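J.: Quick one: the structure is below, and I'll ask about it shortly.
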Amino acid sequence: MDPAEAWQVLENEPDAVLVDVRTRPEWGFVGTPDLTRIGKQVILTEWRQFPGMNVNQAFVPALMEQIGTPPAKIFFLCRSGARSMEAAMHTAAHLGEATECINVREGFEGDLDQEGHRAHLNGWKARGLAWRQS
């Protein structure tokens, strides 16, 4: 699902959740989605842990500790959509069919443009969705 579609579902479905699976440095330096306008908070849980980028073996337990009861829909977001797809598939395998695990295509920053820069072609930021930087 693209970022704008994900925003609409998050806005209209009270129990839908957004999980940002990027690393702590990405959250701190690049920014995070801002869901305060729709009365929600983004769940921040690293799928691959900085600096080695190894898979977080405690990802699902850490995620469920923050979420509590599994919602009907969990959206997963990373920089461009690759790590979040991995995290969504992994989580779906652990939670089963009761929870739909959905990858947010394009990610937070999207694809590289012709000059090698992100956040211009597509992605959460380029689509003008709410975000903040620390």
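Ligands are numbered from 1 in the order shown, residues from 1 within each chain, and chains are lettered A, B, ... in the order they appear in the structure tokens.
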Just list as a list in words whatever in range 37-77 of chain A DSSP marks as strand (DSSP E).
T.: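 The residues of range 37-77 of chain A classed as strand (DSSP E) are Ile43, Leu44, Arg48, Gln49, Asn54, Val55, Lys73, Ile74, Phe75, Phe76 and Leu77 of chain A.
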J.: Range 16-129 of chain A: which residues are helix (DSSP H, G or I) by DSSP, as JSON, numbers by chain?
T.: {"A": [24, 25, 26, 27, 28, 29, 30, 36, 37, 38, 59, 60, 61, 62, 63, 64, 65, 66, 67, 82, 83, 84, 85, 86, 87, 88, 89, 90, 91, 92, 93, 94, 95]}
J.: Write out the residues from the selection above, keeping C-alpha atoms, as a short mmCIF file (atom, residue, chain, number, x, y, z; two decimals), in the first residue's frame.
T.:
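Heads up, here's the output in result.cif:
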```cif
data_model
loop_
_atom_site.label_atom_id
_atom_site.label_comp_id
_atom_site.auth_asym_id
_atom_site.auth_seq_id
_atom_site.Cartn_x
_atom_site.Cartn_y
_atom_site.Cartn_z
CA ARG A 24 17.54 4.86 15.96
CA PRO A 25 19.93 7.11 13.96
CA GLU A 26 17.38 7.30 11.12
CA TRP A 27 14.60 8.26 13.53
CA GLY A 28 16.80 10.90 15.15
CA PHE A 29 18.45 12.44 12.09
CA VAL A 30 15.99 11.85 9.23
CA THR A 36 -0.61 13.25 16.33
CA ARG A 37 -3.15 14.90 14.02
CA ILE A 38 -5.09 11.63 13.95
CA PHE A 59 11.49 -7.84 17.13
CA VAL A 60 8.05 -9.43 17.52
CA PRO A 61 8.12 -9.60 21.35
CA ALA A 62 9.36 -5.99 21.53
CA LEU A 63 6.67 -4.91 19.08
CA MET A 64 3.90 -6.71 20.93
CA GLU A 65 5.06 -5.25 24.24
CA GLN A 66 4.40 -1.79 22.78
CA ILE A 67 1.18 -2.66 20.94
CA ALA A 82 12.57 -3.22 1.71
CA ARG A 83 13.23 -3.70 5.45
CA SER A 84 9.59 -3.04 6.25
CA MET A 85 8.54 -5.82 3.85
CA GLU A 86 10.86 -8.22 5.68
CA ALA A 87 9.47 -7.11 9.04
CA ALA A 88 5.85 -7.40 7.85
CA MET A 89 6.38 -10.92 6.53
CA HIS A 90 8.19 -12.00 9.69
CA THR A 91 5.50 -10.56 11.95
CA ALA A 92 2.69 -12.07 9.87
CA ALA A 93 4.29 -15.51 10.25
CA HIS A 94 4.25 -15.08 14.04
CA LEU A 95 0.81 -13.50 14.47
#
```
J.: Fewer than 6 positions away in the same chain doesn't count, so skip those; otherwise give me all residues within 12 Å of Leu112 in chain A, counting only C-alpha atoms, as a ChimeraX atom specification.
T.: /A:79-80,106,118-123,126
J.: In Å to one decimal, how far is CA of Val17 in chain A from CA of Val42 in chain A?
T.: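 Computed distance, CA of Val42 in chain A to CA of Val17 in chain A, equals 7.3 Å.
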